[in-house]
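Data first, discussion second: the structure below is written as structure tokens.
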Amino acid sequence: MTETWGDEMKIKGIIFDFDGTIADTLPICLHSFRRVFHEFDDRSLTDQEIKAMFGPSEVGIIELNLRRKEFVPQAIEAYYAHYQNEHHRFATPNANIRELLGRLKSRGLKLGIYTGKARRSYEISCRHLNLDSFFDAAVTGDDVAKPKPDPEGLVKALAWLQLRPDEAVYVGDKTAMRTSKPGSERAWERSA
């Protein structure tokens, strides 16, 4: 099934950003990073200091920013342990989002995700938030060589959903479009 938007555009799918759009997982991310950097580097970081590290997936953030490199593998595992075990305290299911996704699926639309999150944390969040059944494809930070705002992830999501760019829309928060290169948002528009 398709949705007609405007006179010419027939939409067959929607690709969503995850964090800040489908789920509010920023608090659990910040908490888990704070615990890891305190435990392995004895550093107390503010939310702003942690957010300044964002770009790569969680693994990349730890690999790039942990000062005591010999502890990177243990720090990564500790991050995911905190993320898994304390997810329920920091991120709760959103009934409105579930209802929206259910309505979109019932109309026959293909639904996809393009997130900078690593696949492991994305899957933990989907399980905890009961979102597993809604998405036909999920492109994570692990699946791309170039992070957002590069269009690689959207192009891959379109391919996995078997959609042309003119058959899909992208829905994300403002951080998904953040770029230091003026005009690069046009690449996103062409891709989605």
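Chains: A, B, ... in order of the structure tokens. Residues: from 1 per chain. Ligands: from 1, in order shown.
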Would you mind listing, for every residue of segment 72-126 of chain A within 8 Å of segment 158-162 of chain A, the two atoms forming the shortest contact and the distance between them in Å to one decimal, using only C-alpha atoms, sorted by chain and ascending residue number, as a Markdown table?
| residue | atom | partner | partner_atom | distance |
| --- | --- | --- | --- | --- |
| A:Lys110 | CA | A:Leu161 | CA | 6.9 |
| A:Leu111 | CA | A:Leu161 | CA | 7.9 |
| A:Gly112 | CA | A:Leu161 | CA | 7.2 |
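The shell of residues at most 8 Å from segment 119-135 of chain A, with only C-alpha atoms counted and near chain neighbours (fewer than 4 positions) removed, consists of A:Thr25, A:Tyr80, A:Tyr83, A:Gln84, A:His87, A:His88, A:Ala91, A:Thr92, A:Pro93, A:Asn94, A:Arg98, A:Leu101, A:Gly102, A:Lys105, A:Lys110, A:Leu111, A:Gly112, A:Ile113, A:Thr140, A:Gly141, A:Asp142.
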Could you write out that same residue set with C-alpha atoms as a PDB file, in the first residue's frame?
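part_37.pdb, freshly written:
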ATOM      1  CA  THR A  25      17.348   6.707  25.259  1.00  0.00           C
ATOM      2  CA  TYR A  80      26.509  -2.610  27.648  1.00  0.00           C
ATOM      3  CA  TYR A  83      22.804  -0.085  29.438  1.00  0.00           C
ATOM      4  CA  GLN A  84      21.027  -3.447  29.691  1.00  0.00           C
ATOM      5  CA  HIS A  87      17.541   0.595  30.888  1.00  0.00           C
ATOM      6  CA  HIS A  88      14.188   0.360  32.675  1.00  0.00           C
ATOM      7  CA  ALA A  91      13.891   4.817  29.262  1.00  0.00           C
ATOM      8  CA  THR A  92      10.264   3.785  29.325  1.00  0.00           C
ATOM      9  CA  PRO A  93       7.922   2.576  26.559  1.00  0.00           C
ATOM     10  CA  ASN A  94       5.877   5.289  24.861  1.00  0.00           C
ATOM     11  CA  ARG A  98       3.695   2.290  19.613  1.00  0.00           C
ATOM     12  CA  LEU A 101       3.934   2.669  14.444  1.00  0.00           C
ATOM     13  CA  GLY A 102       1.042   0.202  14.604  1.00  0.00           C
ATOM     14  CA  LYS A 105       2.190  -0.794   9.709  1.00  0.00           C
ATOM     15  CA  LYS A 110       7.477  -0.367   5.310  1.00  0.00           C
ATOM     16  CA  LEU A 111       9.187   1.020   8.397  1.00  0.00           C
ATOM     17  CA  GLY A 112      12.905   1.352   8.864  1.00  0.00           C
ATOM     18  CA  ILE A 113      15.427   2.774  11.297  1.00  0.00           C
ATOM     19  CA  THR A 140      22.854   1.093  12.826  1.00  0.00           C
ATOM     20  CA  GLY A 141      26.160   2.840  13.329  1.00  0.00           C
ATOM     21  CA  ASP A 142      27.802  -0.588  12.958  1.00  0.00           C
TER      22      ASP A 142
END
Point to revise | Nearest to Val144 of chain A by atom-to-atom distance, counting only C-alpha atoms, from A:Ile50, A:Ala23, A:Ala118, A:Ala75 | key: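 Distance minimum relative to Val144 of chain A lands on A:Ala118.
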Name all residues at most 8 Å from segment 34-46 of chain A (count only C-alpha atoms; drop same-chain ones fewer than 5 positions away) and give them as an mmCIF file with C-alpha atoms, in the first residue's frame.
data_model
loop_
_atom_site.group_PDB
_atom_site.id
_atom_site.type_symbol
_atom_site.label_atom_id
_atom_site.label_comp_id
_atom_site.auth_asym_id
_atom_site.auth_seq_id
_atom_site.Cartn_x
_atom_site.Cartn_y
_atom_site.Cartn_z
ATOM 1 C CA LEU A 66 38.972 6.277 27.097
ATOM 2 C CA ARG A 67 42.401 7.382 28.299
ATOM 3 C CA ARG A 68 43.410 3.967 29.630
ATOM 4 C CA PHE A 71 40.758 -1.278 29.411
ATOM 5 C CA ALA A 75 34.870 -0.734 29.286
ATOM 6 C CA ALA A 78 30.684 -2.576 31.169
ATOM 7 C CA TYR A 79 28.867 0.025 29.053
ATOM 8 C CA HIS A 82 24.913 -0.814 32.527
#
Review point. Which of segment 2-190 of chain A counts as helix (DSSP H, G or I) under DSSP, as JSON, numbers by chain please?
Key: {"A": [26, 27, 28, 29, 30, 31, 32, 33, 34, 35, 36, 37, 38, 39, 40, 41, 47, 48, 49, 50, 51, 58, 59, 60, 61, 62, 63, 64, 65, 69, 70, 71, 72, 73, 74, 75, 76, 77, 78, 79, 80, 81, 82, 83, 84, 85, 87, 88, 89, 90, 95, 96, 97, 98, 99, 100, 101, 102, 103, 104, 105, 106, 119, 120, 121, 122, 123, 124, 125, 126, 127, 128, 141, 142, 143, 152, 153, 154, 155, 156, 157, 158, 159, 160, 161, 165, 166, 167, 174, 175, 176, 177, 185, 186, 187, 188, 189, 190]}
Can you write out the residues you just picked, keeping C-alpha atoms, as a compact mmCIF listing (two decimals), in the first residue's frame?
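Once everything was written out, this is again.txt:
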# COMPACT_ATOMS: atom_id res chain seq x y z
CA LEU A 26 19.71 9.63 25.80
CA PRO A 27 19.42 9.39 29.62
CA ILE A 28 20.49 5.72 29.69
CA CYS A 29 23.32 6.44 27.24
CA LEU A 30 24.62 9.31 29.38
CA HIS A 31 24.31 7.27 32.57
CA SER A 32 26.17 4.30 31.07
CA PHE A 33 28.98 6.47 29.67
CA ARG A 34 29.27 8.33 32.98
CA ARG A 35 29.66 5.03 34.86
CA VAL A 36 32.24 3.66 32.41
CA PHE A 37 34.45 6.75 32.32
CA HIS A 38 34.34 6.99 36.11
CA GLU A 39 35.12 3.30 36.61
CA PHE A 40 37.91 2.95 34.03
CA ASP A 41 39.39 6.47 33.81
CA ASP A 47 26.39 15.50 30.09
CA GLN A 48 27.85 18.16 27.78
CA GLU A 49 31.29 16.54 27.85
CA ILE A 50 29.75 13.19 26.94
CA LYS A 51 27.55 14.69 24.21
CA GLU A 58 29.13 3.69 21.64
CA VAL A 59 32.09 1.41 20.90
CA GLY A 60 33.76 4.17 18.88
CA ILE A 61 33.18 6.71 21.64
CA ILE A 62 34.87 4.46 24.19
CA GLU A 63 37.72 3.52 21.85
CA LEU A 64 38.41 7.17 21.01
CA ASN A 65 37.93 8.76 24.43
CA LYS A 69 43.36 2.12 26.30
CA GLU A 70 44.27 -1.21 27.88
CA PHE A 71 40.76 -1.28 29.41
CA VAL A 72 38.79 -0.59 26.21
CA PRO A 73 37.38 -4.16 25.85
CA GLN A 74 36.28 -4.27 29.50
CA ALA A 75 34.87 -0.73 29.29
CA ILE A 76 32.78 -1.65 26.26
CA GLU A 77 31.33 -4.67 28.04
CA ALA A 78 30.68 -2.58 31.17
CA TYR A 79 28.87 0.03 29.05
CA TYR A 80 26.51 -2.61 27.65
CA ALA A 81 25.99 -4.18 31.08
CA HIS A 82 24.91 -0.81 32.53
CA TYR A 83 22.80 -0.08 29.44
CA GLN A 84 21.03 -3.45 29.69
CA ASN A 85 20.61 -3.67 33.46
CA HIS A 87 17.54 0.59 30.89
CA HIS A 88 14.19 0.36 32.67
CA ARG A 89 15.19 3.19 35.05
CA PHE A 90 16.02 5.67 32.31
CA ALA A 95 2.32 4.17 24.11
CA ASN A 96 1.80 6.99 21.59
CA ILE A 97 4.82 5.91 19.55
CA ARG A 98 3.70 2.29 19.61
CA GLU A 99 0.22 3.34 18.46
CA LEU A 100 1.66 5.48 15.65
CA LEU A 101 3.93 2.67 14.44
CA GLY A 102 1.04 0.20 14.60
CA ARG A 103 -1.16 2.47 12.50
CA LEU A 104 1.59 2.96 9.92
CA LYS A 105 2.19 -0.79 9.71
CA SER A 106 -1.55 -1.47 9.38
CA ARG A 119 23.33 -2.62 16.84
CA ARG A 120 23.80 -4.08 20.31
CA SER A 121 22.34 -1.06 22.15
CA TYR A 122 19.64 -0.60 19.50
CA GLU A 123 18.49 -4.21 20.03
CA ILE A 124 18.56 -3.83 23.83
CA SER A 125 16.38 -0.72 23.57
CA CYS A 126 13.96 -2.35 21.11
CA ARG A 127 13.46 -5.29 23.47
CA HIS A 128 13.00 -3.11 26.56
CA GLY A 141 26.16 2.84 13.33
CA ASP A 142 27.80 -0.59 12.96
CA ASP A 143 26.47 -0.90 9.41
CA GLU A 152 25.21 6.29 3.41
CA GLY A 153 22.87 4.96 6.13
CA LEU A 154 19.74 6.24 4.42
CA VAL A 155 20.83 4.79 1.09
CA LYS A 156 21.43 1.44 2.81
CA ALA A 157 18.04 1.60 4.60
CA LEU A 158 16.30 2.27 1.30
CA ALA A 159 18.06 -0.72 -0.28
CA TRP A 160 17.17 -3.00 2.65
CA LEU A 161 13.54 -1.86 2.44
CA PRO A 165 14.28 7.52 -2.67
CA ASP A 166 11.03 9.01 -4.00
CA GLU A 167 9.03 6.28 -2.23
CA LYS A 174 17.49 18.02 14.69
CA THR A 175 20.63 16.20 15.88
CA ALA A 176 20.33 13.75 13.01
CA MET A 177 20.80 16.61 10.58
CA GLU A 185 21.49 18.60 4.12
CA ARG A 186 20.61 18.47 0.41
CA ALA A 187 22.27 15.06 0.25
CA TRP A 188 19.82 13.88 2.91
CA GLU A 189 16.90 15.28 0.93
CA ARG A 190 18.04 13.50 -2.23
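Residues of segment 5-190 of chain A assigned to strand (DSSP E) by DSSP on this structure's backbone: Trp5, Met9, Lys10, Ile11, Gly13, Ile14, Ile15, Phe16, Lys110, Leu111, Gly112, Ile113, Tyr114, Ala137, Ala138, Val139, Ala168, Val169, Tyr170 and Val171 of chain A.
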Save out the residues we just selected, N, CA and C atoms, as a PDB file, in the first residue's frame.
ATOM      1  N   TRP A   5       1.078  11.738  -0.729  1.00  0.00           N
ATOM      2  CA  TRP A   5       1.393  12.995  -0.042  1.00  0.00           C
ATOM      3  C   TRP A   5       1.581  14.035  -1.121  1.00  0.00           C
ATOM      4  N   MET A   9       3.731  12.587  -4.917  1.00  0.00           N
ATOM      5  CA  MET A   9       4.571  11.722  -4.114  1.00  0.00           C
ATOM      6  C   MET A   9       3.764  10.557  -3.529  1.00  0.00           C
ATOM      7  N   LYS A  10       4.156   9.327  -3.866  1.00  0.00           N
ATOM      8  CA  LYS A  10       3.522   8.127  -3.315  1.00  0.00           C
ATOM      9  C   LYS A  10       4.518   7.492  -2.360  1.00  0.00           C
ATOM     10  N   ILE A  11       4.176   7.509  -1.086  1.00  0.00           N
ATOM     11  CA  ILE A  11       5.070   7.019  -0.039  1.00  0.00           C
ATOM     12  C   ILE A  11       4.754   5.564   0.280  1.00  0.00           C
ATOM     13  N   GLY A  13       7.203   3.898   2.353  1.00  0.00           N
ATOM     14  CA  GLY A  13       7.950   3.602   3.566  1.00  0.00           C
ATOM     15  C   GLY A  13       8.415   4.845   4.294  1.00  0.00           C
ATOM     16  N   ILE A  14       8.715   4.650   5.563  1.00  0.00           N
ATOM     17  CA  ILE A  14       9.220   5.735   6.410  1.00  0.00           C
ATOM     18  C   ILE A  14      10.446   5.208   7.140  1.00  0.00           C
ATOM     19  N   ILE A  15      11.521   5.992   7.094  1.00  0.00           N
ATOM     20  CA  ILE A  15      12.747   5.663   7.816  1.00  0.00           C
ATOM     21  C   ILE A  15      12.854   6.652   8.967  1.00  0.00           C
ATOM     22  N   PHE A  16      12.980   6.124  10.164  1.00  0.00           N
ATOM     23  CA  PHE A  16      13.047   6.943  11.364  1.00  0.00           C
ATOM     24  C   PHE A  16      14.451   6.948  11.952  1.00  0.00           C
ATOM     25  N   LYS A 110       6.240   0.233   4.812  1.00  0.00           N
ATOM     26  CA  LYS A 110       7.477  -0.367   5.310  1.00  0.00           C
ATOM     27  C   LYS A 110       8.115   0.636   6.264  1.00  0.00           C
ATOM     28  N   LEU A 111       8.576   0.152   7.399  1.00  0.00           N
ATOM     29  CA  LEU A 111       9.187   1.020   8.397  1.00  0.00           C
ATOM     30  C   LEU A 111      10.633   0.608   8.620  1.00  0.00           C
ATOM     31  N   GLY A 112      11.492   1.614   8.638  1.00  0.00           N
ATOM     32  CA  GLY A 112      12.905   1.352   8.864  1.00  0.00           C
ATOM     33  C   GLY A 112      13.489   2.302   9.882  1.00  0.00           C
ATOM     34  N   ILE A 113      14.674   1.960  10.343  1.00  0.00           N
ATOM     35  CA  ILE A 113      15.427   2.774  11.297  1.00  0.00           C
ATOM     36  C   ILE A 113      16.795   3.061  10.696  1.00  0.00           C
ATOM     37  N   TYR A 114      17.254   4.288  10.872  1.00  0.00           N
ATOM     38  CA  TYR A 114      18.666   4.599  10.639  1.00  0.00           C
ATOM     39  C   TYR A 114      19.135   5.349  11.879  1.00  0.00           C
ATOM     40  N   ALA A 137      13.523  -3.052   8.677  1.00  0.00           N
ATOM     41  CA  ALA A 137      14.978  -2.969   8.503  1.00  0.00           C
ATOM     42  C   ALA A 137      15.518  -1.943   9.487  1.00  0.00           C
ATOM     43  N   ALA A 138      16.725  -2.194   9.976  1.00  0.00           N
ATOM     44  CA  ALA A 138      17.379  -1.242  10.885  1.00  0.00           C
ATOM     45  C   ALA A 138      18.848  -1.138  10.511  1.00  0.00           C
ATOM     46  N   VAL A 139      19.246   0.051  10.118  1.00  0.00           N
ATOM     47  CA  VAL A 139      20.647   0.346   9.826  1.00  0.00           C
ATOM     48  C   VAL A 139      21.195   1.065  11.049  1.00  0.00           C
ATOM     49  N   ALA A 168      10.001   7.078  -0.140  1.00  0.00           N
ATOM     50  CA  ALA A 168      10.171   7.069   1.318  1.00  0.00           C
ATOM     51  C   ALA A 168      10.402   8.478   1.847  1.00  0.00           C
ATOM     52  N   VAL A 169      10.119   8.625   3.142  1.00  0.00           N
ATOM     53  CA  VAL A 169      10.451   9.861   3.847  1.00  0.00           C
ATOM     54  C   VAL A 169      11.304   9.495   5.048  1.00  0.00           C
ATOM     55  N   TYR A 170      12.085  10.446   5.491  1.00  0.00           N
ATOM     56  CA  TYR A 170      12.929  10.280   6.677  1.00  0.00           C
ATOM     57  C   TYR A 170      12.380  11.184   7.772  1.00  0.00           C
ATOM     58  N   VAL A 171      12.267  10.641   8.984  1.00  0.00           N
ATOM     59  CA  VAL A 171      11.788  11.399  10.130  1.00  0.00           C
ATOM     60  C   VAL A 171      12.842  11.306  11.224  1.00  0.00           C
TER      61      VAL A 171
END
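Relative to atom CA of Asp173 of chain A, atom CA of Gly20 of chain A is found at 6.1 Å.
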Review point. Mind pulling up the distance from atom CA of Thr115 of chain A to atom CA of Phe18 of chain A?
Key: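 Computing the Euclidean distance for atom CA of Phe18 of chain A and atom CA of Thr115 of chain A yields 5.5 Å.
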